[in-house]
Amino acid sequence: MSLFIDIPEDDDQLPALNTGRGKLIWISSVDHKQLGIMYLWLALFFFLIGGIEAMIIRAQLASADNDLISPELYNQIFTMHGTTMIFLALMPALIGLATYLLPLMIGANEMAFPRLNAFSFWMTCMGGFLMYFSFFSGGAPDAGWFNYAPLSENNYSSTAGVDYYLVGLILTGMGSIGAGLNFVTTVLTLRSPQMKLNMLPLFAWMIFINGFLLLAAFPLLNAGLFMMLIDRQFDAHFFIPSTGGSAILWQHFFWAFGHPEVYILALPAFGIISEVIPVFSRKPIFGYKFIAASTVAIALLAFGVWIHHMFAAGMSNTVNGFFAASSMLIGIPTGIKVINWIGTMYKGSIRMTVSMMFTMAFLIDFTIGGLSGASFAIVPIDWQLTDTYYVVAHIHYVFLGGTAFGIFAGIFYWFPKISGRHLSEKLGKWHLWLFVLGFNMTFLLQHVLGILGMPRRVYTYPVDLSYWEVLNLISSLGAIFMFAGIAAFLWNIYVTLKKPRQADDNPWEAWTLEWATTSPPQLQNFTSLPPVHSRRPLWDLKHPDNPDKKLN
Amino acid sequence: MSFTGYFFNIDNWSVPGFLAVMVLFVSYLIFFDTRKLQKLAFGLSLILIYLALGSPLAKLTSFGLHSIVMLQHIILLMITPILLLKALPNSLLQSSWLVSVLNKVKNTYLLLWLLGAVAMWGGHFFSAALLSAKTGTAICGINATAGSWVTAMPSGLSFALLVIAGLLFYLPVFNPLDSGRLAPLKRVVYLFTACVSCSTLGLYVVFSANSAAAVEAIPIFNTLRNPLPMSLRNDQELAGMLMWVPGCILYVMESVNILLKWYDGETAEESTVAAVKISKD
Ligand SMILES: [Cu+2]
């Protein structure tokens with residue numbers, strides 16, 4: 001095997017499911033693959049909870065003057081829906097995929113800090129469950145997922161709900177910071193010795209950049225959360241204007257975190273898309289360097305646009321004007337990516353797997369979300385549409401039509417690697433069509449509802465507003481389609497996991513390193529590595545007569 | 001006085017400045033054998049310097065416009081030095097003394113980064129004080145009297161210092177000698193941290209503009225702002241935003257440019273590092 005370079009392995013075996021005994025090993029394991037899978041289960045669990053909350057919201061809004069649930073409970077449900085989906089479903093899903101795949105993609109056997117990795121997972125997990133205990137202690141948080149002061153302060157929110165929100169998010173935030181540190185260090189120190197940084201697979205590159213974003217953004221959020229916790233528990237005044245604090249300051253903290261958070265949720269999805277498209281188009285990625293460099297541009301600019309969430313907060317025209325400009329500019333690097341993805345598909349021999357179809361749904365729906373986002377960069381439009389259902393539609397096109405579709409594409413793509421079994425393509429297509437159609441049914445019309453003036457978070461609406469009831473009803477019907485789609489997905493996972501493991505090492509003919517090992521990989525990912533001289537090492541191995549351009 | 005009237009008034013365009021620029025450019029063309037792009041870069045840098053110091057734009061500072069001072073700083077400290085480094089004629093690089101200096105300069109990059117930051121922050125507060133001494137208005141929270149020590153500094157010197165600081169700051173990134181530059185990713189980090197620094201300054205200036213709001217109540221300070229009728233508060237916000245947003249975007253674009261070249265695997269130096277690593281294993 002002179003072709004391969006041996007990888008050094010620790011003499012001390014780290015705790016893991018395959019090596020340890022007893023149930024406690026589930027808690028003490030630090031194997032990155034197992035933690036990745038646990039992240040994914042956690043995400044799925046909370047995705048279902050958040051989905052049920054969404055169904056309750058849509059049921060309440062399905063008809064006019066409805067009082068299916070009380071207004072108080074409604075506030076709690078939409079707050080928990082947003083918080084759950086962003087912090088407990090999308091974040092763990094992406095961090096989970098990254099935790100599983102990053103070492104495999106760069107030819108490493110473990111993350112740089114395996115114990116920190118476990119710590120991150122358990123922090124996220126406990127933060128999430130802690131937040132849900134609020135339902136049993138007098139009421140869940142009810143001030144919206146961005147928890148604006150002074151509404152979230154003691155005098156307006158006197159139940160313990162907001163405190164649970166604060167402590168829960170502080171914990172998950174710590175987990176995310178740990179994950180970010182781990183990603184960055186792993187990429188910097190554990191790559192195959194031949195793999196230069198400019199040879200990283202795009203998913204690994206995006207996770208690398210995302211690590212920096214996590215490290216920079218989450219401390220901002222946690223600082224704000226701690227300050228509000230001090231306000232609420234120790235009667236401080238950081239965000240209480242009547243006693244000298246500043247409520248706007250909370251918005252600055254939250255959105256200085258919140259806008260980068262959009263990219264923290266988008267970049268890994270971009271990474272997945274950038275892996276899936278070339279594999280199923282039978283072509284190398286078009287414009288690798290533009291996709292990779294625009295990611296850096298996005299990461300750098302992400303911290304200079306947050307005021308576009310605060311156009312209605314009374315900043316001056318000067319400030320608004322500049323942030324309008326920078327917010328439009330940040331659309332350019334994303335547009336560049338979309339063009340390169342389409343360029344990759346152009347004249348490729350496309351295989352219409354479920355993964356590829358989710359990728360295409362991503363391209364369409366995420367672009368719609370990007371365009372509605374750009375429309376918000378225009379300050380007067382923002383003033384008109386802020387806090388309406390137009391915003392609700394926008395955020396769902398970005399996070400659901402974007403990030404979640406990307407995650408589905410990634411799950412279908414990597415499932416054979418992770419479990420050794422192929423998800424059923426047939427059930428997958430049911431999942432895809434039900435979900436994508438339902439998604440567009442629910443959210444496309446919400447743009448119109450927003451323009452008609454329906455405020456977000458509104459509990460109900462009177463019957464005599466023209467079109468409101470029919471549009472809301474269609475919206476709610478779409479939610480049922482999505483629910484059915486997810487049911488198909490769950491059934492798919494269930495039946496697939498009962499089948500024997502028989503997936504090939506490289507079933508899709510992909511060219512990155514994770515496909516060079518068994519499906520699923522052994523505890524030690526690699527005993528030896530193929531030579532790495534380009535961004536597609538397995539291609540070079542299979543086509544020695546026609547290798548890619550050598551980069552080292 | 002309307003803005004267009006002010007702008008097209010020939011008295012506001014510096015004639016000696018224009019002549020100096022022309023002489024400089026013509027002698028650059030005559031004495032140095034350079035590439036087209038270098039000529040363009042040099043010409044552009046001269047135009048920018050003229051705009052910053054000799055045009056009606058520059059004269060707006062006598063109305064106490066803080067944002068104009070910021071614009072001058074951005075041009076002199078952040079933009080022209082890049083152009084000047086690009087325009088540096090090859091013939092000057094024959095001197096072995098200069099070559100050895102340029103090659104060594106990257107070893108002191110921390111110091112040079114610091115110098116850039118000090119020039120940016122120090123230059124900002126210094127000129128705010130100067131402006132305040134000139135106009136008797138508090139600028140960016142700084143109050144200086146007409147006889148303050150800051151007025152003793154000749155303005156030409158402070159501008160020259162800015163350009164020099166800018167040149168030194170950019171050397172590890174845009175060194176005309178390839179061997180004198182930092183590794184590509186280090187360059188990106190160098191620029192990004194500078195971007196954080198300039199954003200912080202911009203952010204500070206913008207959000208401390210509230211303190212200017214009180215002065216706004218006194219109408220006379222608004223009349224100072226002819227021919228651009230801006231309130232003190234708007235002026236300060238504009239100053240901060242100029243530094244924050246376009247300043248940062250400039251660094252981001254430079255970083256992306258470096259990265260695009262780096263992805264193609266242009267540096268020979270890096271691959272030898274990787275090779276050494278492999279042979280060790
Ligand atoms: Cu944003």
# chains A, B, ... in the order shown; residues from 1 in each chain; ligands from 1
$ residues_near_ligand --ligand "ligand 1" --cutoff "10 Å" --atoms "only C-alpha atoms and all ligand atoms" --output "list in words"
Trp255, Ala256, Phe257, Gly258, His259, Pro260, Glu261, Val262, Tyr263, Ala302, Phe303, Gly304, Val305, Trp306, Ile307, His308, His309, Met310, Ser327, Ile330, Gly373, Ala374, Phe376, Ala377 and Ile395 of chain A
$ interface_residues --of "chain A" --to "chain B" --cutoff "10 Å" --atoms "only C-alpha atoms" --output "tab-separated table (two decimals) with all heavy atoms, in the first residue's frame"
chain	number	residue	atom	x	y	z
A	5	ILE	N	-0.71	7.08	2.65
A	5	ILE	CA	0.11	7.60	3.73
A	5	ILE	C	-0.52	7.16	5.03
A	5	ILE	O	-1.73	7.33	5.22
A	5	ILE	CB	0.15	9.13	3.68
A	5	ILE	CG1	0.81	9.58	2.39
A	5	ILE	CG2	0.88	9.69	4.88
A	5	ILE	CD1	0.56	11.02	2.11
A	6	ASP	N	0.25	6.60	5.91
A	6	ASP	CA	-0.32	6.16	7.18
A	6	ASP	C	-0.67	7.34	8.04
A	6	ASP	O	-0.04	8.39	7.98
A	6	ASP	CB	0.68	5.26	7.91
A	6	ASP	CG	0.77	3.91	7.23
A	6	ASP	OD1	-0.24	3.53	6.59
A	6	ASP	OD2	1.83	3.28	7.31
A	7	ILE	N	-1.69	7.13	8.83
A	7	ILE	CA	-2.11	8.19	9.74
A	7	ILE	C	-1.76	7.78	11.15
A	7	ILE	O	-2.02	6.65	11.56
A	7	ILE	CB	-3.63	8.38	9.65
A	7	ILE	CG1	-3.97	9.04	8.35
A	7	ILE	CG2	-4.12	9.21	10.79
A	7	ILE	CD1	-5.38	9.47	8.31
A	8	PRO	N	-1.14	8.66	11.90
A	8	PRO	CA	-0.87	8.31	13.29
A	8	PRO	C	-2.16	8.27	14.09
A	8	PRO	O	-3.08	9.02	13.82
A	8	PRO	CB	0.03	9.45	13.76
A	8	PRO	CG	-0.27	10.59	12.85
A	8	PRO	CD	-0.71	10.01	11.56
A	192	SER	N	-5.21	16.00	6.46
A	192	SER	CA	-4.20	15.14	5.86
A	192	SER	C	-2.99	16.01	5.52
A	192	SER	O	-3.16	17.12	5.01
A	192	SER	CB	-4.75	14.53	4.58
A	192	SER	OG	-3.73	14.38	3.63
A	193	PRO	N	-1.78	15.53	5.82
A	193	PRO	CA	-0.62	16.40	5.65
A	193	PRO	C	-0.48	16.94	4.23
A	193	PRO	O	0.14	17.97	4.01
A	193	PRO	CB	0.57	15.50	6.00
A	193	PRO	CG	0.02	14.21	6.43
A	193	PRO	CD	-1.47	14.22	6.36
A	194	GLN	N	-1.07	16.27	3.26
A	194	GLN	CA	-0.96	16.76	1.88
A	194	GLN	C	-2.03	17.78	1.53
A	194	GLN	O	-1.95	18.44	0.51
A	194	GLN	CB	-1.08	15.58	0.91
A	194	GLN	CG	0.12	14.69	0.91
A	194	GLN	CD	-0.08	13.55	-0.05
A	194	GLN	OE1	-1.15	12.95	-0.09
A	194	GLN	NE2	0.95	13.24	-0.82
A	195	MET	N	-3.03	17.88	2.37
A	195	MET	CA	-4.16	18.73	2.01
A	195	MET	C	-3.89	20.16	2.44
A	195	MET	O	-3.94	20.48	3.63
A	195	MET	CB	-5.45	18.20	2.65
A	195	MET	CG	-6.69	18.92	2.17
A	195	MET	SD	-8.17	18.35	3.02
A	195	MET	CE	-8.61	16.95	2.03
A	196	LYS	N	-3.59	21.03	1.48
A	196	LYS	CA	-3.43	22.44	1.81
A	196	LYS	C	-4.81	23.05	2.05
A	196	LYS	O	-5.82	22.51	1.61
A	196	LYS	CB	-2.72	23.17	0.68
A	196	LYS	CG	-1.24	22.84	0.61
A	196	LYS	CD	-0.66	23.27	-0.73
A	196	LYS	CE	-0.88	24.76	-0.98
A	196	LYS	NZ	-0.50	25.12	-2.36
A	197	LEU	N	-4.79	24.22	2.72
A	197	LEU	CA	-6.09	24.83	3.05
A	197	LEU	C	-6.92	25.14	1.80
A	197	LEU	O	-8.14	25.11	1.84
A	197	LEU	CB	-5.88	26.10	3.87
A	197	LEU	CG	-5.86	25.94	5.38
A	197	LEU	CD1	-5.59	27.29	6.03
A	197	LEU	CD2	-7.17	25.37	5.89
A	198	ASN	N	-6.24	25.45	0.70
A	198	ASN	CA	-7.02	25.80	-0.49
A	198	ASN	C	-7.50	24.57	-1.24
A	198	ASN	O	-8.01	24.66	-2.34
A	198	ASN	CB	-6.25	26.74	-1.41
A	198	ASN	CG	-4.97	26.10	-1.93
A	198	ASN	OD1	-4.61	25.00	-1.51
A	198	ASN	ND2	-4.28	26.80	-2.81
A	199	MET	N	-7.30	23.38	-0.63
A	199	MET	CA	-7.80	22.16	-1.26
A	199	MET	C	-8.96	21.57	-0.49
A	199	MET	O	-9.43	20.47	-0.81
A	199	MET	CB	-6.67	21.13	-1.34
A	199	MET	CG	-5.58	21.53	-2.31
A	199	MET	SD	-4.03	20.71	-1.94
A	199	MET	CE	-4.48	19.03	-2.24
A	288	TYR	N	-14.91	27.02	-8.12
A	288	TYR	CA	-14.61	26.74	-6.71
A	288	TYR	C	-14.16	28.00	-5.99
A	288	TYR	O	-14.65	28.33	-4.91
A	288	TYR	CB	-13.50	25.69	-6.62
A	288	TYR	CG	-12.99	25.40	-5.22
A	288	TYR	CD1	-13.45	24.30	-4.51
A	288	TYR	CD2	-12.05	26.23	-4.61
A	288	TYR	CE1	-12.98	24.04	-3.23
A	288	TYR	CE2	-11.59	25.98	-3.33
A	288	TYR	CZ	-12.06	24.89	-2.64
A	288	TYR	OH	-11.62	24.63	-1.37
A	289	LYS	N	-13.22	28.71	-6.61
A	289	LYS	CA	-12.62	29.83	-5.87
A	289	LYS	C	-13.62	30.95	-5.63
A	289	LYS	O	-13.54	31.65	-4.64
A	289	LYS	CB	-11.36	30.33	-6.57
A	289	LYS	CG	-11.56	30.88	-7.94
A	289	LYS	CD	-10.24	31.43	-8.45
A	289	LYS	CE	-10.39	32.04	-9.83
A	289	LYS	NZ	-9.14	32.65	-10.29
A	290	PHE	N	-14.57	31.11	-6.55
A	290	PHE	CA	-15.56	32.17	-6.33
A	290	PHE	C	-16.52	31.80	-5.20
A	290	PHE	O	-16.89	32.64	-4.39
A	290	PHE	CB	-16.32	32.47	-7.62
A	290	PHE	CG	-15.46	33.09	-8.67
A	290	PHE	CD1	-14.97	32.35	-9.73
A	290	PHE	CD2	-15.08	34.42	-8.57
A	290	PHE	CE1	-14.14	32.91	-10.68
A	290	PHE	CE2	-14.25	35.00	-9.51
A	290	PHE	CZ	-13.78	34.24	-10.57
A	291	ILE	N	-16.89	30.53	-5.18
A	291	ILE	CA	-17.78	30.09	-4.11
A	291	ILE	C	-17.06	30.22	-2.77
A	291	ILE	O	-17.62	30.72	-1.79
A	291	ILE	CB	-18.23	28.63	-4.33
A	291	ILE	CG1	-19.06	28.55	-5.62
A	291	ILE	CG2	-19.04	28.12	-3.15
A	291	ILE	CD1	-19.58	27.16	-5.92
A	292	ALA	N	-15.81	29.80	-2.73
A	292	ALA	CA	-15.08	29.83	-1.47
A	292	ALA	C	-14.77	31.26	-1.03
A	292	ALA	O	-14.97	31.62	0.13
A	292	ALA	CB	-13.79	29.03	-1.60
A	293	ALA	N	-14.32	32.09	-1.97
A	293	ALA	CA	-13.96	33.46	-1.59
A	293	ALA	C	-15.19	34.27	-1.22
A	293	ALA	O	-15.15	35.10	-0.30
A	293	ALA	CB	-13.19	34.14	-2.72
A	294	SER	N	-16.30	34.03	-1.93
A	294	SER	CA	-17.49	34.80	-1.59
A	294	SER	C	-17.98	34.42	-0.19
A	294	SER	O	-18.61	35.24	0.49
A	294	SER	CB	-18.59	34.58	-2.63
A	294	SER	OG	-18.99	33.23	-2.67
A	295	THR	N	-17.67	33.20	0.24
A	295	THR	CA	-18.01	32.82	1.61
A	295	THR	C	-17.28	33.68	2.62
A	295	THR	O	-17.86	34.13	3.61
A	295	THR	CB	-17.61	31.35	1.84
A	295	THR	OG1	-18.22	30.56	0.83
A	295	THR	CG2	-18.07	30.87	3.19
A	296	VAL	N	-15.99	33.93	2.33
A	296	VAL	CA	-15.23	34.78	3.24
A	296	VAL	C	-15.80	36.20	3.22
A	296	VAL	O	-15.96	36.83	4.27
A	296	VAL	CB	-13.74	34.79	2.85
A	296	VAL	CG1	-12.95	35.68	3.78
A	296	VAL	CG2	-13.19	33.38	2.86
A	297	ALA	N	-16.15	36.66	2.04
A	297	ALA	CA	-16.72	38.01	1.94
A	297	ALA	C	-18.01	38.09	2.76
A	297	ALA	O	-18.23	39.06	3.50
A	297	ALA	CB	-17.00	38.35	0.48
A	298	ILE	N	-18.85	37.07	2.65
A	298	ILE	CA	-20.09	37.05	3.41
A	298	ILE	C	-19.79	37.10	4.91
A	298	ILE	O	-20.39	37.86	5.66
A	298	ILE	CB	-20.90	35.78	3.07
A	298	ILE	CG1	-21.54	35.91	1.70
A	298	ILE	CG2	-21.98	35.53	4.12
A	298	ILE	CD1	-22.26	34.66	1.25
A	299	ALA	N	-18.82	36.27	5.32
A	299	ALA	CA	-18.51	36.21	6.75
A	299	ALA	C	-18.02	37.55	7.26
A	299	ALA	O	-18.39	37.98	8.35
A	299	ALA	CB	-17.47	35.13	7.01
A	300	LEU	N	-17.20	38.24	6.46
A	300	LEU	CA	-16.68	39.52	6.92
A	300	LEU	C	-17.77	40.58	6.93
A	300	LEU	O	-17.88	41.37	7.86
A	300	LEU	CB	-15.52	39.98	6.03
A	300	LEU	CG	-14.30	39.05	5.97
A	300	LEU	CD1	-13.20	39.68	5.12
A	300	LEU	CD2	-13.75	38.79	7.37
A	301	LEU	N	-18.60	40.58	5.88
A	301	LEU	CA	-19.63	41.61	5.79
A	301	LEU	C	-20.78	41.35	6.77
A	301	LEU	O	-21.51	42.28	7.13
A	301	LEU	CB	-20.20	41.68	4.37
A	301	LEU	CG	-19.29	42.27	3.30
A	301	LEU	CD1	-19.93	42.14	1.92
A	301	LEU	CD2	-19.03	43.75	3.59
A	303	PHE	N	-21.01	41.06	9.75
A	303	PHE	CA	-21.03	41.84	10.98
A	303	PHE	C	-21.24	43.33	10.72
A	303	PHE	O	-21.23	44.11	11.66
A	303	PHE	CB	-19.73	41.62	11.76
A	303	PHE	CG	-19.67	40.24	12.36
A	303	PHE	CD1	-19.06	39.21	11.69
A	303	PHE	CD2	-20.25	40.00	13.59
A	303	PHE	CE1	-19.02	37.94	12.23
A	303	PHE	CE2	-20.21	38.74	14.14
A	303	PHE	CZ	-19.60	37.70	13.46
A	304	GLY	N	-21.42	43.70	9.48
A	304	GLY	CA	-21.58	45.12	9.17
A	304	GLY	C	-22.92	45.46	8.56
A	304	GLY	O	-23.03	46.44	7.84
A	305	VAL	N	-23.93	44.66	8.82
A	305	VAL	CA	-25.23	44.94	8.21
A	305	VAL	C	-26.40	44.85	9.19
A	305	VAL	O	-27.54	45.03	8.79
A	305	VAL	CB	-25.52	43.99	7.02
A	305	VAL	CG1	-24.53	44.19	5.90
A	305	VAL	CG2	-25.50	42.56	7.46
A	315	MET	N	-33.32	54.98	13.89
A	315	MET	CA	-31.98	55.45	13.55
A	315	MET	C	-32.13	56.57	12.52
A	315	MET	O	-33.17	56.70	11.87
A	315	MET	CB	-31.15	54.34	12.92
A	315	MET	CG	-31.13	53.06	13.69
A	315	MET	SD	-29.60	52.93	14.57
A	315	MET	CE	-30.23	52.61	16.17
A	316	SER	N	-31.09	57.34	12.32
A	316	SER	CA	-31.22	58.47	11.38
A	316	SER	C	-31.14	57.97	9.95
A	316	SER	O	-30.73	56.84	9.68
A	316	SER	CB	-30.10	59.47	11.62
A	316	SER	OG	-28.90	58.92	11.15
A	317	ASN	N	-31.53	58.84	9.01
A	317	ASN	CA	-31.47	58.48	7.60
A	317	ASN	C	-30.05	58.18	7.15
A	317	ASN	O	-29.84	57.34	6.28
A	317	ASN	CB	-32.04	59.61	6.75
A	317	ASN	CG	-33.55	59.67	6.86
A	317	ASN	OD1	-34.18	58.68	7.26
A	317	ASN	ND2	-34.13	60.80	6.53
A	318	THR	N	-29.08	58.89	7.73
A	318	THR	CA	-27.69	58.65	7.34
A	318	THR	C	-27.32	57.20	7.63
A	318	THR	O	-26.80	56.49	6.78
A	318	THR	CB	-26.76	59.57	8.14
A	318	THR	OG1	-27.34	60.85	8.21
A	318	THR	CG2	-25.39	59.62	7.53
A	319	VAL	N	-27.59	56.79	8.87
A	319	VAL	CA	-27.23	55.44	9.28
A	319	VAL	C	-28.00	54.42	8.44
A	319	VAL	O	-27.43	53.49	7.87
A	319	VAL	CB	-27.52	55.25	10.79
A	319	VAL	CG1	-27.26	53.82	11.21
A	319	VAL	CG2	-26.68	56.20	11.60
A	320	ASN	N	-29.32	54.63	8.33
A	320	ASN	CA	-30.12	53.69	7.55
A	320	ASN	C	-29.62	53.58	6.12
A	320	ASN	O	-29.56	52.49	5.55
A	320	ASN	CB	-31.59	54.14	7.53
A	320	ASN	CG	-32.26	53.90	8.87
A	320	ASN	OD1	-31.69	53.26	9.75
A	320	ASN	ND2	-33.45	54.45	9.04
A	321	GLY	N	-29.26	54.72	5.53
A	321	GLY	CA	-28.83	54.72	4.14
A	321	GLY	C	-27.61	53.85	3.92
A	321	GLY	O	-27.57	53.03	3.00
A	322	PHE	N	-26.62	54.00	4.79
A	322	PHE	CA	-25.41	53.20	4.62
A	322	PHE	C	-25.70	51.71	4.81
A	322	PHE	O	-25.15	50.87	4.11
A	322	PHE	CB	-24.33	53.64	5.61
A	322	PHE	CG	-23.50	54.77	5.08
A	322	PHE	CD1	-23.87	56.08	5.28
A	322	PHE	CD2	-22.35	54.50	4.37
A	322	PHE	CE1	-23.12	57.12	4.78
A	322	PHE	CE2	-21.57	55.53	3.86
A	322	PHE	CZ	-21.96	56.85	4.07
A	323	PHE	N	-26.55	51.40	5.78
A	323	PHE	CA	-26.81	49.98	6.01
A	323	PHE	C	-27.69	49.39	4.92
A	323	PHE	O	-27.60	48.20	4.63
A	323	PHE	CB	-27.40	49.76	7.40
A	323	PHE	CG	-26.32	49.74	8.43
A	323	PHE	CD1	-26.01	50.86	9.17
A	323	PHE	CD2	-25.56	48.61	8.60
A	323	PHE	CE1	-24.98	50.85	10.07
A	323	PHE	CE2	-24.52	48.58	9.51
A	323	PHE	CZ	-24.23	49.71	10.25
A	325	ALA	N	-27.25	50.21	1.85
A	325	ALA	CA	-26.26	49.91	0.81
A	325	ALA	C	-25.48	48.64	1.14
A	325	ALA	O	-25.34	47.75	0.29
A	325	ALA	CB	-25.31	51.09	0.65
A	326	SER	N	-25.01	48.54	2.37
A	326	SER	CA	-24.19	47.36	2.69
A	326	SER	C	-25.05	46.09	2.65
A	326	SER	O	-24.57	45.03	2.27
A	326	SER	CB	-23.52	47.51	4.05
A	326	SER	OG	-24.47	47.51	5.08
A	329	LEU	N	-25.27	45.04	-0.84
A	329	LEU	CA	-23.98	44.50	-1.29
A	329	LEU	C	-23.79	43.05	-0.87
A	329	LEU	O	-23.22	42.25	-1.60
A	329	LEU	CB	-22.84	45.34	-0.70
A	329	LEU	CG	-22.48	46.60	-1.46
A	329	LEU	CD1	-21.39	47.35	-0.73
A	329	LEU	CD2	-22.00	46.23	-2.86
A	330	ILE	N	-24.26	42.71	0.33
A	330	ILE	CA	-24.00	41.36	0.82
A	330	ILE	C	-24.80	40.35	0.02
A	330	ILE	O	-24.53	39.15	0.07
A	330	ILE	CB	-24.28	41.24	2.34
A	330	ILE	CG1	-23.50	40.07	2.93
A	330	ILE	CG2	-25.76	41.08	2.63
A	330	ILE	CD1	-23.53	40.03	4.43
A	549	LYS	N	-5.92	19.30	-11.83
A	549	LYS	CA	-4.72	20.12	-11.68
A	549	LYS	C	-4.12	19.93	-10.28
A	549	LYS	O	-4.83	20.00	-9.28
A	549	LYS	CB	-5.11	21.58	-11.89
A	549	LYS	CG	-3.93	22.53	-11.86
A	549	LYS	CD	-4.44	23.99	-11.84
A	549	LYS	CE	-3.36	24.91	-11.31
A	549	LYS	NZ	-3.84	26.19	-10.83
A	550	LYS	N	-2.81	19.66	-10.26
A	550	LYS	CA	-2.14	19.39	-9.00
A	550	LYS	C	-2.00	20.70	-8.20
A	550	LYS	O	-1.61	21.73	-8.75
A	550	LYS	CB	-0.76	18.82	-9.30
A	550	LYS	CG	-0.20	17.92	-8.25
A	550	LYS	CD	0.98	17.14	-8.84
A	550	LYS	CE	1.64	16.23	-7.84
A	550	LYS	NZ	2.44	16.87	-6.84
A	551	LEU	N	-2.35	20.66	-6.93
A	551	LEU	CA	-2.31	21.90	-6.14
A	551	LEU	C	-1.24	21.87	-5.05
A	551	LEU	O	-1.11	22.81	-4.29
A	551	LEU	CB	-3.68	22.15	-5.51
A	551	LEU	CG	-4.74	22.70	-6.47
A	551	LEU	CD1	-6.11	22.64	-5.84
A	551	LEU	CD2	-4.41	24.11	-6.89
A	552	ASN	N	-0.51	20.75	-4.95
A	552	ASN	CA	0.56	20.77	-3.95
A	552	ASN	C	1.83	20.12	-4.48
A	552	ASN	O	1.87	19.64	-5.60
A	552	ASN	CB	0.11	20.08	-2.66
A	552	ASN	CG	-0.28	18.63	-2.88
A	552	ASN	OD1	-0.12	18.12	-3.99
A	552	ASN	ND2	-0.78	17.97	-1.86
$ residues_around --residues "region 79-83 of chain B" --least-positions-apart "2" --cutoff "8 Å" --atoms "only C-alpha atoms" --output "list of chain:residue names"
B:Ala41, B:Phe42, B:Leu44, B:Ser45, B:Leu48, B:Ile49, B:Ile74, B:Ile75, B:Leu76, B:Leu77, B:Leu85, B:Lys86, B:Ala87, B:Val163, B:Ile164, B:Gly166, B:Leu167, B:Tyr170, B:Phe174
$ write_last_selection --atoms "N, CA and C atoms" --output "CSV table (one decimal), in the first residue's frame"
chain,number,residue,atom,x,y,z
B,41,ALA,N,-2.5,53.7,-11.9
B,41,ALA,CA,-2.5,53.7,-10.4
B,41,ALA,C,-1.9,55.0,-9.9
B,42,PHE,N,-0.8,55.5,-10.5
B,42,PHE,CA,-0.2,56.7,-10.0
B,42,PHE,C,-1.1,57.9,-10.3
B,44,LEU,N,-4.3,57.9,-10.7
B,44,LEU,CA,-5.5,57.8,-9.8
B,44,LEU,C,-5.1,58.3,-8.4
B,45,SER,N,-4.0,57.9,-7.9
B,45,SER,CA,-3.6,58.4,-6.6
B,45,SER,C,-3.4,59.9,-6.5
B,48,LEU,N,-6.9,61.5,-6.5
B,48,LEU,CA,-7.5,61.3,-5.2
B,48,LEU,C,-6.9,62.3,-4.2
B,49,ILE,N,-5.5,62.4,-4.2
B,49,ILE,CA,-4.9,63.3,-3.3
B,49,ILE,C,-5.4,64.8,-3.5
B,74,ILE,N,-9.7,58.5,4.9
B,74,ILE,CA,-9.9,57.3,4.2
B,74,ILE,C,-9.0,57.3,2.9
B,75,ILE,N,-9.1,58.4,2.2
B,75,ILE,CA,-8.3,58.5,1.0
B,75,ILE,C,-6.8,58.4,1.2
B,76,LEU,N,-6.3,59.2,2.2
B,76,LEU,CA,-4.9,59.3,2.4
B,76,LEU,C,-4.3,58.1,3.1
B,77,LEU,N,-5.1,57.5,4.0
B,77,LEU,CA,-4.5,56.4,4.8
B,77,LEU,C,-4.8,55.1,4.2
B,85,LEU,N,1.9,52.1,-3.8
B,85,LEU,CA,2.7,50.9,-3.8
B,85,LEU,C,2.7,50.1,-5.1
B,86,LYS,N,1.5,50.1,-5.7
B,86,LYS,CA,1.3,49.5,-7.0
B,86,LYS,C,2.1,50.2,-8.1
B,87,ALA,N,2.2,51.6,-7.9
B,87,ALA,CA,2.8,52.4,-9.0
B,87,ALA,C,4.3,52.5,-8.8
B,163,VAL,N,-0.2,59.6,4.9
B,163,VAL,CA,0.2,58.8,3.7
B,163,VAL,C,1.3,57.8,4.1
B,164,ILE,N,2.3,58.3,4.8
B,164,ILE,CA,3.4,57.5,5.2
B,164,ILE,C,3.0,56.3,6.0
B,166,GLY,N,0.1,55.0,6.1
B,166,GLY,CA,-0.6,54.1,5.2
B,166,GLY,C,0.3,53.2,4.4
B,167,LEU,N,1.4,53.8,3.8
B,167,LEU,CA,2.3,53.0,3.1
B,167,LEU,C,3.0,51.9,3.9
B,170,TYR,N,0.5,49.1,4.8
B,170,TYR,CA,0.1,48.2,3.7
B,170,TYR,C,1.3,47.4,3.2
B,174,PHE,N,0.8,44.6,0.4
B,174,PHE,CA,1.0,45.0,-1.0
B,174,PHE,C,2.4,45.3,-1.4
$ closest_residue --among "A:Ala479, A:Ala140, A:Val463, A:Ala236" --to "Asn154 (chain A)" --atoms "only C-alpha atoms"
A:Ala236
$ select_by_dssp --residues "region 238-348 of chain A" --states "alpha helix (DSSP H)" --output "PyMOL selection string"
chain A and resi 247-281+288-301+317-329+331-345
$ residues_around --residues "region 21-31 of chain B" --least-positions-apart "6" --cutoff "12 Å" --atoms "only C-alpha atoms" --output "PyMOL selection string"
chain B and resi 14-15+38-51+53-54+84+87-92
